[in-house]
>>> print(open('work26.txt').read())   # compact mmCIF, C-alpha atoms
# COMPACT_ATOMS: atom_id res chain seq x y z
CA MET A 1 244.06 136.94 -23.16
CA SER A 2 241.31 136.36 -25.70
CA GLU A 3 242.68 134.12 -28.38
CA PRO A 4 240.65 133.86 -31.54
CA GLY A 5 238.97 130.50 -31.92
CA PRO A 6 235.68 128.68 -31.86
CA ASN A 7 235.08 129.90 -28.30
CA THR A 8 235.15 133.57 -29.18
CA GLU A 9 231.59 133.70 -30.43
CA ALA A 10 230.32 131.68 -27.48
CA ARG A 11 232.13 134.00 -25.12
CA ARG A 12 230.66 137.03 -26.84
CA ILE A 13 227.17 135.63 -26.50
CA ALA A 14 227.70 134.79 -22.86
CA GLY A 15 228.95 138.30 -22.22
CA GLU A 16 225.92 139.78 -23.89
CA GLU A 17 223.65 137.54 -21.86
CA ARG A 18 225.25 138.87 -18.71
CA ASP A 19 224.82 142.47 -19.89
CA ARG A 20 221.20 141.86 -20.70
CA ALA A 21 220.53 140.18 -17.37
CA ARG A 22 222.19 143.05 -15.54
CA PHE A 23 220.17 145.58 -17.48
CA GLU A 24 216.97 143.74 -16.60
CA GLU A 25 217.89 143.60 -12.92
CA GLU A 26 218.63 147.31 -12.83
CA ALA A 27 215.44 148.18 -14.67
CA LEU A 28 213.31 146.00 -12.40
CA ALA A 29 214.85 147.60 -9.32
CA LEU A 30 213.36 150.89 -10.52
CA ALA A 31 209.87 149.50 -11.13
CA ASP A 32 208.38 150.95 -7.97
CA GLN A 33 209.63 154.44 -8.84
CA VAL A 34 208.49 154.09 -12.43
CA TYR A 35 205.05 152.99 -11.30
CA ARG A 36 204.76 155.89 -8.86
CA VAL A 37 205.22 158.39 -11.67
CA ALA A 38 203.07 156.42 -14.12
CA ARG A 39 200.23 156.26 -11.64
CA ARG A 40 199.99 160.05 -11.52
CA LEU A 41 200.33 160.50 -15.26
CA VAL A 42 197.26 158.42 -16.07
CA GLY A 43 193.75 158.18 -14.76
CA SER A 44 193.54 154.76 -13.17
CA ARG A 45 195.57 152.08 -11.47
CA GLU A 46 194.78 149.63 -14.27
CA GLU A 47 196.03 152.02 -16.91
CA ALA A 48 199.18 152.64 -14.92
CA GLU A 49 199.80 148.89 -14.59
CA ASP A 50 199.30 148.37 -18.32
CA LEU A 51 201.53 151.26 -19.17
CA VAL A 52 204.33 150.06 -16.90
CA GLN A 53 204.10 146.56 -18.38
CA GLU A 54 204.24 147.91 -21.92
CA THR A 55 207.17 150.07 -20.92
CA TYR A 56 209.15 147.15 -19.54
CA ALA A 57 208.28 144.97 -22.51
CA ARG A 58 209.66 147.63 -24.83
CA ALA A 59 212.66 148.34 -22.61
CA PHE A 60 213.64 144.66 -22.47
CA ARG A 61 213.34 144.39 -26.24
CA SER A 62 215.46 147.42 -26.91
CA TRP A 63 217.92 147.26 -24.04
CA ARG A 64 220.83 147.59 -26.46
CA SER A 65 219.84 151.15 -27.21
CA PHE A 66 220.37 152.14 -23.58
CA THR A 67 223.74 153.74 -22.95
CA PRO A 68 225.20 152.27 -19.74
CA GLY A 69 226.10 154.93 -17.23
CA THR A 70 223.28 157.24 -18.25
CA ASN A 71 220.07 157.72 -16.30
CA LEU A 72 218.11 154.49 -16.62
CA ARG A 73 215.10 155.81 -14.74
CA ALA A 74 214.82 158.75 -17.16
CA TRP A 75 215.26 156.37 -20.09
CA LEU A 76 212.39 154.19 -18.85
CA LEU A 77 210.18 157.21 -18.27
CA ARG A 78 210.93 158.46 -21.76
CA ILE A 79 209.58 155.18 -23.15
CA LEU A 80 206.61 155.40 -20.83
CA THR A 81 205.60 158.94 -21.72
CA ASN A 82 205.93 158.17 -25.43
CA LEU A 83 203.72 155.12 -25.05
CA ASN A 84 201.26 157.19 -23.07
CA VAL A 85 201.04 159.77 -25.83
CA ASP A 86 200.73 157.00 -28.45
CA ARG A 87 197.79 155.60 -26.55
CA GLY A 88 196.01 158.83 -27.29
CA ARG A 89 195.71 160.02 -23.75
CA LYS A 90 193.88 163.09 -25.05
CA ILE A 91 190.65 161.18 -25.05
CA GLN A 92 191.01 159.49 -21.71
CA ARG A 93 190.76 162.68 -19.74
CA SER A 94 187.71 164.67 -18.91
CA PRO A 95 187.57 168.04 -20.64
CA GLN A 96 190.67 169.92 -19.73
CA THR A 97 190.06 172.63 -17.30
CA GLN A 98 191.36 175.99 -18.25
CA VAL A 99 194.43 177.10 -16.41
CA LEU A 100 193.59 180.34 -14.77
CA GLU A 101 196.51 182.52 -14.08
CA GLU A 102 196.21 182.50 -10.35
CA THR A 103 199.33 183.56 -8.57
CA ASP A 104 201.53 181.51 -6.26
CA TYR A 105 200.08 182.72 -2.99
CA TYR A 106 196.55 181.80 -4.06
CA LEU A 107 196.07 178.72 -1.89
CA ALA A 108 197.92 180.24 1.06
CA ASN A 109 195.74 183.32 0.86
CA LYS A 110 192.61 181.13 0.85
CA VAL A 111 193.85 179.21 3.87
CA ALA A 112 194.72 182.43 5.65
CA SER A 113 191.33 183.97 5.07
CA ALA A 114 189.57 180.77 6.18
CA ALA A 115 191.70 179.90 9.20
CA GLY A 116 193.84 182.93 9.94
CA GLU A 117 197.40 183.94 9.15
CA GLU A 118 198.85 181.76 11.90
CA ALA A 119 197.35 178.68 10.28
CA LEU A 120 199.95 178.99 7.54
CA GLU A 121 202.64 178.16 10.06
CA ALA A 122 201.00 174.93 11.12
CA ASP A 123 201.74 171.81 9.14
CA GLU A 124 198.38 170.38 10.20
CA VAL A 125 196.64 172.76 7.83
CA VAL A 126 198.45 171.29 4.89
CA GLU A 127 197.90 167.82 6.22
CA ARG A 128 194.19 168.43 6.35
CA LEU A 129 194.19 168.30 2.55
CA SER A 130 193.11 164.76 1.88
CA GLN A 131 194.96 162.38 -0.38
CA ASP A 132 191.88 162.32 -2.58
CA SER A 133 191.87 166.06 -3.02
CA ILE A 134 195.54 166.09 -3.98
CA VAL A 135 195.15 163.22 -6.38
CA LYS A 136 192.07 164.80 -7.94
CA ALA A 137 193.70 168.21 -8.19
CA LEU A 138 196.71 166.69 -9.94
CA ALA A 139 194.47 164.78 -12.34
CA ASP A 140 192.60 167.95 -13.25
CA ILE A 141 195.66 169.86 -14.40
CA PRO A 142 195.94 169.86 -18.21
CA ALA A 143 198.22 167.00 -19.28
CA PRO A 144 201.31 168.92 -20.43
CA TYR A 145 201.47 170.80 -17.13
CA ARG A 146 200.71 167.71 -15.11
CA ASP A 147 203.53 165.79 -16.80
CA ALA A 148 206.01 168.44 -15.73
CA VAL A 149 204.71 168.59 -12.15
CA VAL A 150 204.59 164.81 -11.78
CA LEU A 151 208.10 164.27 -13.17
CA VAL A 152 209.76 167.01 -11.14
CA ASP A 153 207.75 167.22 -7.93
CA ILE A 154 206.78 163.57 -7.51
CA GLY A 155 209.36 161.76 -9.63
CA ASP A 156 212.24 163.95 -8.43
CA PHE A 157 213.60 164.40 -11.92
CA THR A 158 215.77 167.41 -12.68
CA TYR A 159 214.56 169.98 -15.20
CA ALA A 160 217.09 168.58 -17.64
CA ASP A 161 215.87 164.99 -17.25
CA ALA A 162 212.25 166.09 -17.51
CA ALA A 163 213.08 168.01 -20.68
CA GLN A 164 214.67 164.90 -22.16
CA ILE A 165 211.79 162.67 -21.14
CA LEU A 166 209.18 165.00 -22.57
CA ASP A 167 211.32 165.97 -25.55
CA VAL A 168 210.87 169.68 -25.01
CA PRO A 169 213.37 172.44 -24.18
CA ILE A 170 214.22 173.05 -20.51
CA GLY A 171 212.55 176.46 -20.66
CA THR A 172 209.32 174.77 -21.64
CA VAL A 173 209.57 172.35 -18.72
CA MET A 174 210.08 175.26 -16.35
CA SER A 175 207.16 177.28 -17.61
CA ARG A 176 204.87 174.22 -17.60
CA LEU A 177 206.03 173.34 -14.13
CA HIS A 178 205.36 176.82 -12.83
CA ARG A 179 201.94 177.00 -14.40
CA GLY A 180 201.16 173.44 -13.37
CA ARG A 181 201.97 174.13 -9.73
CA ARG A 182 199.80 177.23 -9.78
CA ALA A 183 196.98 175.24 -11.34
CA LEU A 184 197.44 172.56 -8.69
CA LYS A 185 197.10 175.12 -5.91
CA GLN A 186 194.07 176.60 -7.56
CA HIS A 187 192.41 173.18 -7.80
CA LEU A 188 193.37 172.36 -4.24
CA ALA A 189 191.82 175.60 -3.07
CA GLU A 190 188.59 174.66 -4.83
CA GLU A 191 188.69 171.01 -3.78
CA ALA A 192 189.59 171.46 -0.19
CA LEU A 193 188.33 174.86 0.76
CA GLY A 194 185.38 175.24 -1.56
CA MET B 195 195.77 191.03 2.01
CA SER B 196 198.85 192.42 0.49
CA SER B 197 198.86 194.37 -2.68
CA HIS B 198 202.10 196.21 -2.41
CA ALA B 199 204.82 195.73 -4.91
CA PRO B 200 207.61 194.11 -2.82
CA CYS B 201 205.31 191.25 -1.77
CA ASP B 202 204.12 190.77 -5.35
CA ARG B 203 207.72 190.58 -6.42
CA CYS B 204 208.50 188.11 -3.65
CA GLU B 205 205.56 185.98 -4.75
CA GLU B 206 206.98 185.90 -8.27
CA LEU B 207 210.27 184.59 -6.91
CA LEU B 208 208.70 181.85 -4.77
CA GLN B 209 209.00 178.84 -7.08
CA ASP B 210 212.49 179.59 -8.30
CA TYR B 211 213.59 180.33 -4.76
CA LEU B 212 212.49 176.88 -3.61
CA ASP B 213 213.87 175.27 -6.77
CA ARG B 214 217.14 177.11 -6.19
CA THR B 215 217.12 178.54 -9.67
CA LEU B 216 217.28 182.23 -8.78
CA THR B 217 220.21 184.36 -9.80
CA ASP B 218 222.38 185.65 -6.94
CA VAL B 219 220.82 189.07 -7.28
CA GLU B 220 217.28 187.69 -7.12
CA TRP B 221 218.22 185.42 -4.25
CA ARG B 222 219.44 188.37 -2.19
CA GLU B 223 216.34 190.30 -3.16
CA ALA B 224 214.12 187.49 -1.87
CA GLU B 225 216.16 186.95 1.30
CA THR B 226 216.13 190.62 2.15
CA HIS B 227 212.40 190.89 1.71
CA LEU B 228 211.63 187.64 3.55
CA SER B 229 213.70 188.62 6.56
CA GLY B 230 211.46 191.61 7.13
CA CYS B 231 208.08 190.39 5.89
CA ASP B 232 206.07 187.89 7.96
CA TYR B 233 203.36 187.84 5.32
CA CYS B 234 205.68 186.45 2.66
CA ALA B 235 207.75 184.32 5.06
CA ARG B 236 204.59 182.48 6.17
CA ARG B 237 203.59 181.87 2.58
CA TYR B 238 207.02 180.52 1.69
CA LYS B 239 206.89 178.20 4.67
CA PHE B 240 203.42 177.07 3.63
CA GLU B 241 204.69 176.29 0.13
CA VAL B 242 207.49 174.15 1.52
CA SER B 243 205.04 172.11 3.59
CA LEU B 244 202.69 171.83 0.66
CA ARG B 245 205.35 170.53 -1.69
CA ARG B 246 206.54 167.98 0.82
CA TYR B 247 202.98 166.87 1.47
CA VAL B 248 202.02 166.59 -2.21
CA ARG B 249 205.15 164.56 -2.85
CA THR B 250 204.43 161.99 -0.17
CA THR B 251 200.66 161.96 -0.45
CA ALA B 252 200.50 161.48 -4.19
CA ALA B 253 202.91 158.57 -4.10
CA GLU B 254 201.26 155.20 -4.49
CA ARG B 255 203.08 151.93 -4.19
CA MET B 256 203.15 149.37 -6.93
CA PRO B 257 200.20 147.00 -6.74
CA PRO B 258 201.06 143.49 -5.56
CA GLY B 259 201.65 141.15 -8.46
CA LEU B 260 202.92 143.75 -10.89
CA MET B 261 206.54 142.95 -10.10
CA ASP B 262 205.97 139.30 -11.00
CA LYS B 263 204.36 140.31 -14.28
CA LEU B 264 207.32 142.55 -15.09
CA SER B 265 209.81 139.82 -14.19
CA GLU B 266 208.05 137.48 -16.58
CA LEU B 267 208.87 139.91 -19.38
CA ARG B 268 212.58 139.25 -18.96
CA GLY B 269 214.30 137.77 -21.96
CA LEU B 270 211.98 139.46 -24.44
CA ASP B 271 215.09 140.72 -26.18
CA ALA B 272 214.30 140.23 -29.83
CA THR B 273 217.38 139.96 -31.97
CA ALA B 274 215.72 141.62 -34.89
>>> encode(input="work26.txt", output="structure tokens")
Amino acid sequence: MSEPGPNTEARRIAGEERDRARFEEEALALADQVYRVARRLVGSREEAEDLVQETYARAFRSWRSFTPGTNLRAWLLRILTNLNVDRGRKIQRSPQTQVLEETDYYLANKVASAAGEEALEADEVVERLSQDSIVKALADIPAPYRDAVVLVDIGDFTYADAAQILDVPIGTVMSRLHRGRRALKQHLAEEALG
Amino acid sequence: MSSHAPCDRCEELLQDYLDRTLTDVEWREAETHLSGCDYCARRYKFEVSLRRYVRTTAAERMPPGLMDKLSELRGLDATA
């Protein structure tokens, strides 16, 4: 029953205010998940905090370009990864280690030769890998591979979402993910087992 | 140490098996091999534990105070 009149504009503005407030609420509810991914994409907690703040500042400014009903978490991460690239993350990382083409059983084989085949069945062996060694191993993977691993294996994004966030084809996400996971296992083997 | 072809093939299928992105034919191939090969079955199990562990261990909660800073950004909406 919207009759045209002087109230129409006021009503429109009020409606938009509500939409904006709702958008902000929904985005803020995802902050912990956004931070968790950001923290593993960059080198330090401070950088991750800055990056998340920049992301939310940009998201709140451009909330109208978000399509309601689509994946808000992926939309936020898209902003975040773009900002991260803009910041010139190439220089913030130590020289990128070369990805050796170790195979998928590499770490398991190392564990087996150090502690025996049966050790592979015991969760405690995995749990003996310290948080530090996992964090360091992740940080040492070359950035494009790390992005894929962090988004899919830590952020729980689908291949399709990760492809959209990183603006690359799905096939590229998959190959980076596969290589990234192998690199992670290789680094873990070196970190944890020497 | 395994260097025979079926285990190498099974190793190649590992990631897609766990990601559930194998074709039906590949899936059956992996299942058939795994049901008869302890060597590969142990390594698959290890990979599952590893993934779960990396996922939980690498997760770090938001530092206290960040939420307040983000909330303060509300209303930045610039009607350009």
>>> axis_aligned_box(input="work26.txt", around="stretch 195-213 of chain B", padding_each_side="4 Å", output="lines of an AutoDock Vina configuration file")
center_x = 204.8
center_y = 185.7
center_z = -3.1
size_x = 26.1
size_y = 28.9
size_z = 18.3
>>> residues_around(input="work26.txt", residues="A:Gln164", least_positions_apart="6", cutoff="12 Å", atoms="all atoms listed in the file", output="PyMOL selection string")
chain A and resi 71+73-79+81-82+148+151+157-158+170-173
>>> interface_residues(input="work26.txt", of="chain A", to="chain B", cutoff="8 Å", atoms="all atoms listed in the file", output="MDAnalysis selection string")
chainID A and resid 24 28 31:32 35:37 39:40 49 53 56:57 60:63 103:105 108:109 117 120:121 123 126:127 131 134:135 153:154 178
>>> residues_around(input="work26.txt", residues="stretch 183-185 of chain A", least_positions_apart="3", cutoff="10 Å", atoms="all atoms listed in the file", output="PyMOL selection string")
(chain A and resi 97-108+134-142+145-146+149+177-180+188-191) or (chain B and resi 241+244+248)
>>> atom_distance(input="work26.txt", atom1="atom CA of A:Ala38", atom2="atom CA of A:Arg128")
25.3 Å
>>> atom_distance(input="work26.txt", atom1="atom CA of A:Ala114", atom2="atom CA of A:His187")
16.2 Å
>>> closest_residue(input="work26.txt", among="A:Arg22, A:Asp86, A:Ala192, A:Asp161", to="A:Lys110", atoms="all atoms listed in the file")
A:Ala192
>>> atom_distance(input="work26.txt", atom1="atom CA of A:Glu26", atom2="atom CA of A:Leu83")
20.8 Å
